[in-house]
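Only one structure is covered here, and it is reproduced in the block below.
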Amino acid sequence: MSEPVLVSTWHHGRGANEAGWPHLVSRSALDAVEEAVRTAEADPEVRSVGRGGYPDRLGRVTLDAVVMDHDYRCGAVAALEGFLHAVSVAREVMERTDHVLLAGAGAADFARSIGMQPERLLTAETMRLFEEKVRVRETAPANIENHDTIVSLGCDAQGRLAGACSTSGLMNRLHGRVGDSPIVGAGLYVDGEVGAAGATGHGELALRVAASALVIERMRGGLAVAAACESVIEHIRRRLRPGPDRQLALLAIDRDGRCGAAALLPGFSYALTRAGVHEMVEVDA
Ligand code: ASP
């Protein structure tokens, strides 16, 4: 038996955990992380996930998501347009197909074929913010203010682990850009014998070092959860030399329900729920 735990990135992780926790208790870690992520996707105030997600430079909202469970089962979608719950489409890719990742029009065709309802995602408020903040500085790099990807990681009472992640990707991205979030090993990785890890921030940094898988490998090698996250952040700092405005945060849990995180820059926080008690954890950089 393990101590059940649910963690979710950023301040909106709090509402996500409140929605996901009952599923962790009564169902499974996989159901809990999916429900947590769906909550952020449905919230129009969350600016880089689901309904409130920023469009790319062509004004198109494209979503990336992934789920992964205890036994290396995984499913993902990239550049999905017109469907709110990218995480649930990703889960159906896992449950119903032999594939791991569907992209673009093929992902939307799949969602339609299994009866998911298409909907328009770009809200008037998001469009207004987009006009104001993005078009006027089209070449500006993405920065710390616009990372909101939701990553949820859970361990249920049976000691089964699962993770899910969903994003519209960085503000100001080129059309067609896919970040770390739907890529197994970069934005999310789960190994039922070790733990679960996920990334948020400048996705290219996570992609280049397969950051989430690297955290798990360092935990497998004996590092504690927080130390594993810190060592991968240090590796990124030393080998990739990210610019001073580049944020990347890593969050992980192990199969005993211990959790930890690390980030390149200050400002990262996550929601932690144990025994039904929700709290926010601010991470030093
Ligand atoms: N990691 C995401 C991406 O690069 C962005 C984010 O975390 O907000 O697409």
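In the structure tokens, chains take letters A, B, ... by order of appearance, with residues numbered from 1 within each chain and ligands from 1 in the order shown.
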Practice task
Residues up to 10 Å from ligand 1, counting only C-alpha atoms and all ligand atoms: could you list those as a ChimeraX atom specification?
Solution key: /A:9-10,47-49,53,63-65,142-151,165-171,173,177-182,186-187,198-207,247-249
Practice task
Per DSSP on the backbone, filter range 62-263 of chain A down to the residues in alpha helix (DSSP H) and report them as number ranges by chain.
Solution key: A: 86-96, 104-113, 124-133, 203-209, 211-220, 225-240
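The coordinates place CA of Leu240 in chain A at 11.8 Å from CA of Leu264 in chain A.
Using only C-alpha atoms, the smallest distance between any of A:Glu81, A:Glu279, A:Glu95, A:Asp109 and Gly15 in chain A comes from A:Glu279.
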Handout entry: Shell of 7 Å around Val194 in chain A, only C-alpha atoms, local chain residues under 5 positions omitted, as JSON, numbers by chain
Key = {"A": [216, 219, 220, 254, 255]}
Given the selection you just returned, output its residues as a file containing N, CA and C atoms, formatted as a CSV table (one decimal), in the first residue's frame.
```csv
chain,number,residue,atom,x,y,z
A,216,ILE,N,13.2,10.4,-14.2
A,216,ILE,CA,12.9,9.0,-13.7
A,216,ILE,C,14.2,8.1,-13.7
A,219,MET,N,16.1,8.9,-10.7
A,219,MET,CA,15.4,8.3,-9.5
A,219,MET,C,15.8,6.8,-9.4
A,220,ARG,N,15.7,6.2,-10.6
A,220,ARG,CA,16.0,4.8,-10.7
A,220,ARG,C,17.5,4.5,-10.2
A,254,ASP,N,7.3,9.7,-6.5
A,254,ASP,CA,7.8,8.3,-6.6
A,254,ASP,C,6.7,7.4,-6.2
A,255,ARG,N,7.0,6.1,-6.2
A,255,ARG,CA,5.9,5.1,-6.1
A,255,ARG,C,5.5,5.0,-4.6
```
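The interatomic distance for the pair CA of Arg73 in chain A and CA of Val5 in chain A works out to 20.3 Å.
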Using backbone DSSP assignments, extract all strand (DSSP E) residues from range 131-285 of chain A; output them as a PDB file with N, CA and C atoms, in the first residue's frame.
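This is the output file selection-v1.pdb:
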```pdb
ATOM      1  N   ILE A 150      -0.688  22.327 -17.776  1.00  0.00           N
ATOM      2  CA  ILE A 150      -1.056  21.517 -16.617  1.00  0.00           C
ATOM      3  C   ILE A 150      -0.442  20.134 -16.759  1.00  0.00           C
ATOM      4  N   VAL A 151       0.305  19.757 -15.734  1.00  0.00           N
ATOM      5  CA  VAL A 151       0.796  18.388 -15.589  1.00  0.00           C
ATOM      6  C   VAL A 151       0.212  17.886 -14.282  1.00  0.00           C
ATOM      7  N   SER A 152      -0.440  16.730 -14.304  1.00  0.00           N
ATOM      8  CA  SER A 152      -0.929  16.109 -13.067  1.00  0.00           C
ATOM      9  C   SER A 152      -0.315  14.726 -12.942  1.00  0.00           C
ATOM     10  N   LEU A 153       0.159  14.423 -11.737  1.00  0.00           N
ATOM     11  CA  LEU A 153       0.778  13.126 -11.471  1.00  0.00           C
ATOM     12  C   LEU A 153       0.087  12.542 -10.247  1.00  0.00           C
ATOM     13  N   GLY A 154      -0.256  11.273 -10.319  1.00  0.00           N
ATOM     14  CA  GLY A 154      -0.954  10.674  -9.188  1.00  0.00           C
ATOM     15  C   GLY A 154      -0.430   9.298  -8.842  1.00  0.00           C
ATOM     16  N   CYS A 155      -0.564   8.979  -7.545  1.00  0.00           N
ATOM     17  CA  CYS A 155      -0.254   7.630  -7.060  1.00  0.00           C
ATOM     18  C   CYS A 155      -1.455   7.222  -6.209  1.00  0.00           C
ATOM     19  N   LEU A 161       0.705   4.293 -10.507  1.00  0.00           N
ATOM     20  CA  LEU A 161       1.055   5.658 -10.898  1.00  0.00           C
ATOM     21  C   LEU A 161       0.435   6.007 -12.240  1.00  0.00           C
ATOM     22  N   ALA A 162       0.193   7.301 -12.441  1.00  0.00           N
ATOM     23  CA  ALA A 162      -0.256   7.777 -13.752  1.00  0.00           C
ATOM     24  C   ALA A 162       0.073   9.257 -13.861  1.00  0.00           C
ATOM     25  N   GLY A 163       0.145   9.728 -15.100  1.00  0.00           N
ATOM     26  CA  GLY A 163       0.382  11.149 -15.335  1.00  0.00           C
ATOM     27  C   GLY A 163      -0.379  11.613 -16.559  1.00  0.00           C
ATOM     28  N   ALA A 164      -0.674  12.913 -16.590  1.00  0.00           N
ATOM     29  CA  ALA A 164      -1.332  13.505 -17.757  1.00  0.00           C
ATOM     30  C   ALA A 164      -0.856  14.937 -17.895  1.00  0.00           C
ATOM     31  N   CYS A 165      -0.916  15.424 -19.118  1.00  0.00           N
ATOM     32  CA  CYS A 165      -0.399  16.760 -19.389  1.00  0.00           C
ATOM     33  C   CYS A 165      -1.197  17.336 -20.553  1.00  0.00           C
ATOM     34  N   SER A 166      -1.510  18.639 -20.497  1.00  0.00           N
ATOM     35  CA  SER A 166      -2.250  19.263 -21.596  1.00  0.00           C
ATOM     36  C   SER A 166      -1.839  20.718 -21.715  1.00  0.00           C
ATOM     37  N   THR A 167      -1.742  21.200 -22.963  1.00  0.00           N
ATOM     38  CA  THR A 167      -1.311  22.577 -23.198  1.00  0.00           C
ATOM     39  C   THR A 167      -1.756  23.056 -24.560  1.00  0.00           C
ATOM     40  N   LEU A 188       6.299  14.321 -20.214  1.00  0.00           N
ATOM     41  CA  LEU A 188       5.746  13.398 -19.205  1.00  0.00           C
ATOM     42  C   LEU A 188       6.427  12.049 -19.329  1.00  0.00           C
ATOM     43  N   TYR A 189       6.621  11.400 -18.192  1.00  0.00           N
ATOM     44  CA  TYR A 189       7.117  10.029 -18.225  1.00  0.00           C
ATOM     45  C   TYR A 189       6.693   9.322 -16.944  1.00  0.00           C
ATOM     46  N   VAL A 190       6.247   8.088 -17.096  1.00  0.00           N
ATOM     47  CA  VAL A 190       5.816   7.300 -15.929  1.00  0.00           C
ATOM     48  C   VAL A 190       6.428   5.912 -16.040  1.00  0.00           C
ATOM     49  N   ASP A 191       7.031   5.479 -14.963  1.00  0.00           N
ATOM     50  CA  ASP A 191       7.514   4.100 -14.882  1.00  0.00           C
ATOM     51  C   ASP A 191       7.014   3.562 -13.553  1.00  0.00           C
ATOM     52  N   GLY A 195       8.538   5.970 -10.672  1.00  0.00           N
ATOM     53  CA  GLY A 195       7.799   7.188 -10.361  1.00  0.00           C
ATOM     54  C   GLY A 195       7.212   7.807 -11.609  1.00  0.00           C
ATOM     55  N   ALA A 196       6.766   9.058 -11.456  1.00  0.00           N
ATOM     56  CA  ALA A 196       6.177   9.805 -12.572  1.00  0.00           C
ATOM     57  C   ALA A 196       6.761  11.207 -12.539  1.00  0.00           C
ATOM     58  N   ALA A 197       7.026  11.765 -13.734  1.00  0.00           N
ATOM     59  CA  ALA A 197       7.606  13.107 -13.805  1.00  0.00           C
ATOM     60  C   ALA A 197       7.007  13.848 -14.984  1.00  0.00           C
ATOM     61  N   GLY A 198       6.941  15.182 -14.853  1.00  0.00           N
ATOM     62  CA  GLY A 198       6.422  15.998 -15.947  1.00  0.00           C
ATOM     63  C   GLY A 198       7.118  17.344 -15.971  1.00  0.00           C
ATOM     64  N   ALA A 199       6.979  18.036 -17.110  1.00  0.00           N
ATOM     65  CA  ALA A 199       7.668  19.314 -17.305  1.00  0.00           C
ATOM     66  C   ALA A 199       6.680  20.396 -17.697  1.00  0.00           C
ATOM     67  N   THR A 200       7.001  21.630 -17.326  1.00  0.00           N
ATOM     68  CA  THR A 200       6.281  22.794 -17.835  1.00  0.00           C
ATOM     69  C   THR A 200       7.285  23.917 -18.010  1.00  0.00           C
ATOM     70  N   GLY A 201       7.027  24.750 -18.990  1.00  0.00           N
ATOM     71  CA  GLY A 201       7.957  25.823 -19.285  1.00  0.00           C
ATOM     72  C   GLY A 201       8.349  25.762 -20.742  1.00  0.00           C
ATOM     73  N   LEU A 248      11.971  26.578 -17.093  1.00  0.00           N
ATOM     74  CA  LEU A 248      11.554  25.175 -17.192  1.00  0.00           C
ATOM     75  C   LEU A 248      11.424  24.649 -15.770  1.00  0.00           C
ATOM     76  N   ALA A 249      10.324  23.984 -15.483  1.00  0.00           N
ATOM     77  CA  ALA A 249      10.117  23.407 -14.154  1.00  0.00           C
ATOM     78  C   ALA A 249       9.815  21.924 -14.311  1.00  0.00           C
ATOM     79  N   LEU A 250      10.322  21.143 -13.377  1.00  0.00           N
ATOM     80  CA  LEU A 250      10.112  19.691 -13.378  1.00  0.00           C
ATOM     81  C   LEU A 250       9.449  19.295 -12.068  1.00  0.00           C
ATOM     82  N   LEU A 251       8.463  18.425 -12.163  1.00  0.00           N
ATOM     83  CA  LEU A 251       7.701  17.976 -10.998  1.00  0.00           C
ATOM     84  C   LEU A 251       7.673  16.454 -11.045  1.00  0.00           C
ATOM     85  N   ALA A 252       7.849  15.802  -9.896  1.00  0.00           N
ATOM     86  CA  ALA A 252       7.866  14.326  -9.906  1.00  0.00           C
ATOM     87  C   ALA A 252       7.316  13.760  -8.604  1.00  0.00           C
ATOM     88  N   ILE A 253       6.877  12.510  -8.687  1.00  0.00           N
ATOM     89  CA  ILE A 253       6.500  11.737  -7.496  1.00  0.00           C
ATOM     90  C   ILE A 253       7.151  10.358  -7.616  1.00  0.00           C
ATOM     91  N   ASP A 254       7.326   9.699  -6.483  1.00  0.00           N
ATOM     92  CA  ASP A 254       7.811   8.315  -6.583  1.00  0.00           C
ATOM     93  C   ASP A 254       6.692   7.355  -6.205  1.00  0.00           C
ATOM     94  N   CYS A 259       7.037  13.503  -3.164  1.00  0.00           N
ATOM     95  CA  CYS A 259       7.073  14.370  -4.345  1.00  0.00           C
ATOM     96  C   CYS A 259       8.167  15.400  -4.223  1.00  0.00           C
ATOM     97  N   GLY A 260       8.527  16.015  -5.347  1.00  0.00           N
ATOM     98  CA  GLY A 260       9.560  17.035  -5.367  1.00  0.00           C
ATOM     99  C   GLY A 260       9.517  17.770  -6.685  1.00  0.00           C
ATOM    100  N   ALA A 261      10.221  18.910  -6.743  1.00  0.00           N
ATOM    101  CA  ALA A 261      10.205  19.726  -7.955  1.00  0.00           C
ATOM    102  C   ALA A 261      11.452  20.593  -7.982  1.00  0.00           C
ATOM    103  N   ALA A 262      11.749  21.136  -9.164  1.00  0.00           N
ATOM    104  CA  ALA A 262      12.845  22.095  -9.306  1.00  0.00           C
ATOM    105  C   ALA A 262      12.560  22.934 -10.540  1.00  0.00           C
ATOM    106  N   ALA A 263      13.135  24.150 -10.578  1.00  0.00           N
ATOM    107  CA  ALA A 263      12.868  25.050 -11.707  1.00  0.00           C
ATOM    108  C   ALA A 263      14.092  25.899 -12.006  1.00  0.00           C
ATOM    109  N   SER A 269       5.055  27.026  -8.960  1.00  0.00           N
ATOM    110  CA  SER A 269       4.383  26.441  -7.795  1.00  0.00           C
ATOM    111  C   SER A 269       3.547  25.248  -8.271  1.00  0.00           C
ATOM    112  N   TYR A 270       3.201  24.409  -7.318  1.00  0.00           N
ATOM    113  CA  TYR A 270       2.330  23.289  -7.674  1.00  0.00           C
ATOM    114  C   TYR A 270       1.380  22.970  -6.525  1.00  0.00           C
ATOM    115  N   ALA A 271       0.277  22.337  -6.872  1.00  0.00           N
ATOM    116  CA  ALA A 271      -0.694  21.922  -5.870  1.00  0.00           C
ATOM    117  C   ALA A 271      -0.376  20.501  -5.445  1.00  0.00           C
ATOM    118  N   LEU A 272      -0.439  20.277  -4.130  1.00  0.00           N
ATOM    119  CA  LEU A 272      -0.157  18.958  -3.553  1.00  0.00           C
ATOM    120  C   LEU A 272      -1.368  18.536  -2.726  1.00  0.00           C
ATOM    121  N   THR A 273      -1.856  17.346  -2.981  1.00  0.00           N
ATOM    122  CA  THR A 273      -2.983  16.838  -2.186  1.00  0.00           C
ATOM    123  C   THR A 273      -2.640  15.476  -1.606  1.00  0.00           C
ATOM    124  N   ARG A 274      -2.758  15.389  -0.278  1.00  0.00           N
ATOM    125  CA  ARG A 274      -2.594  14.127   0.459  1.00  0.00           C
ATOM    126  C   ARG A 274      -3.722  14.041   1.459  1.00  0.00           C
ATOM    127  N   VAL A 277      -6.234  16.739   1.818  1.00  0.00           N
ATOM    128  CA  VAL A 277      -5.849  18.110   2.191  1.00  0.00           C
ATOM    129  C   VAL A 277      -5.048  18.727   1.039  1.00  0.00           C
ATOM    130  N   HIS A 278      -5.521  19.899   0.568  1.00  0.00           N
ATOM    131  CA  HIS A 278      -4.882  20.562  -0.568  1.00  0.00           C
ATOM    132  C   HIS A 278      -3.972  21.672  -0.080  1.00  0.00           C
ATOM    133  N   GLU A 279      -2.764  21.744  -0.641  1.00  0.00           N
ATOM    134  CA  GLU A 279      -1.897  22.895  -0.326  1.00  0.00           C
ATOM    135  C   GLU A 279      -1.118  23.287  -1.559  1.00  0.00           C
ATOM    136  N   MET A 280      -0.622  24.530  -1.566  1.00  0.00           N
ATOM    137  CA  MET A 280       0.237  24.990  -2.659  1.00  0.00           C
ATOM    138  C   MET A 280       1.676  24.964  -2.180  1.00  0.00           C
ATOM    139  N   VAL A 281       2.574  24.538  -3.059  1.00  0.00           N
ATOM    140  CA  VAL A 281       4.001  24.509  -2.734  1.00  0.00           C
ATOM    141  C   VAL A 281       4.728  25.438  -3.696  1.00  0.00           C
ATOM    142  N   GLU A 282       5.429  26.430  -3.131  1.00  0.00           N
ATOM    143  CA  GLU A 282       6.231  27.341  -3.958  1.00  0.00           C
ATOM    144  C   GLU A 282       7.633  26.740  -4.080  1.00  0.00           C
TER     145      GLU A 282
END
```
Practice task
Would you list the contacts of Gly20 in chain A as a ChimeraX atom specification, taking every protein, DNA or RNA residue within 7 Å and counting only C-alpha atoms, but skipping same-chain residues closer than 3 positions in sequence?
Solution key: /A:16-17,23-24,32-33,35-36
Handout entry: Near-Arg27 in chain A list (10 Å; only C-alpha atoms; drop same-chain fewer than 5 positions) as a VMD selection string
Key = chain A and resid 21 to 22 32 156 to 157
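In this structure, CA of Ala285 in chain A sits 5.2 Å away from CA of Leu265 in chain A.
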Handout entry: Long-range neighbours of Gly176 in chain A as an MDAnalysis selection string, 12 Å cut-off, only C-alpha atoms, 4 positions minimum in chain
Key = chainID A and resid 55:64 78:81 103:105 168:170 172
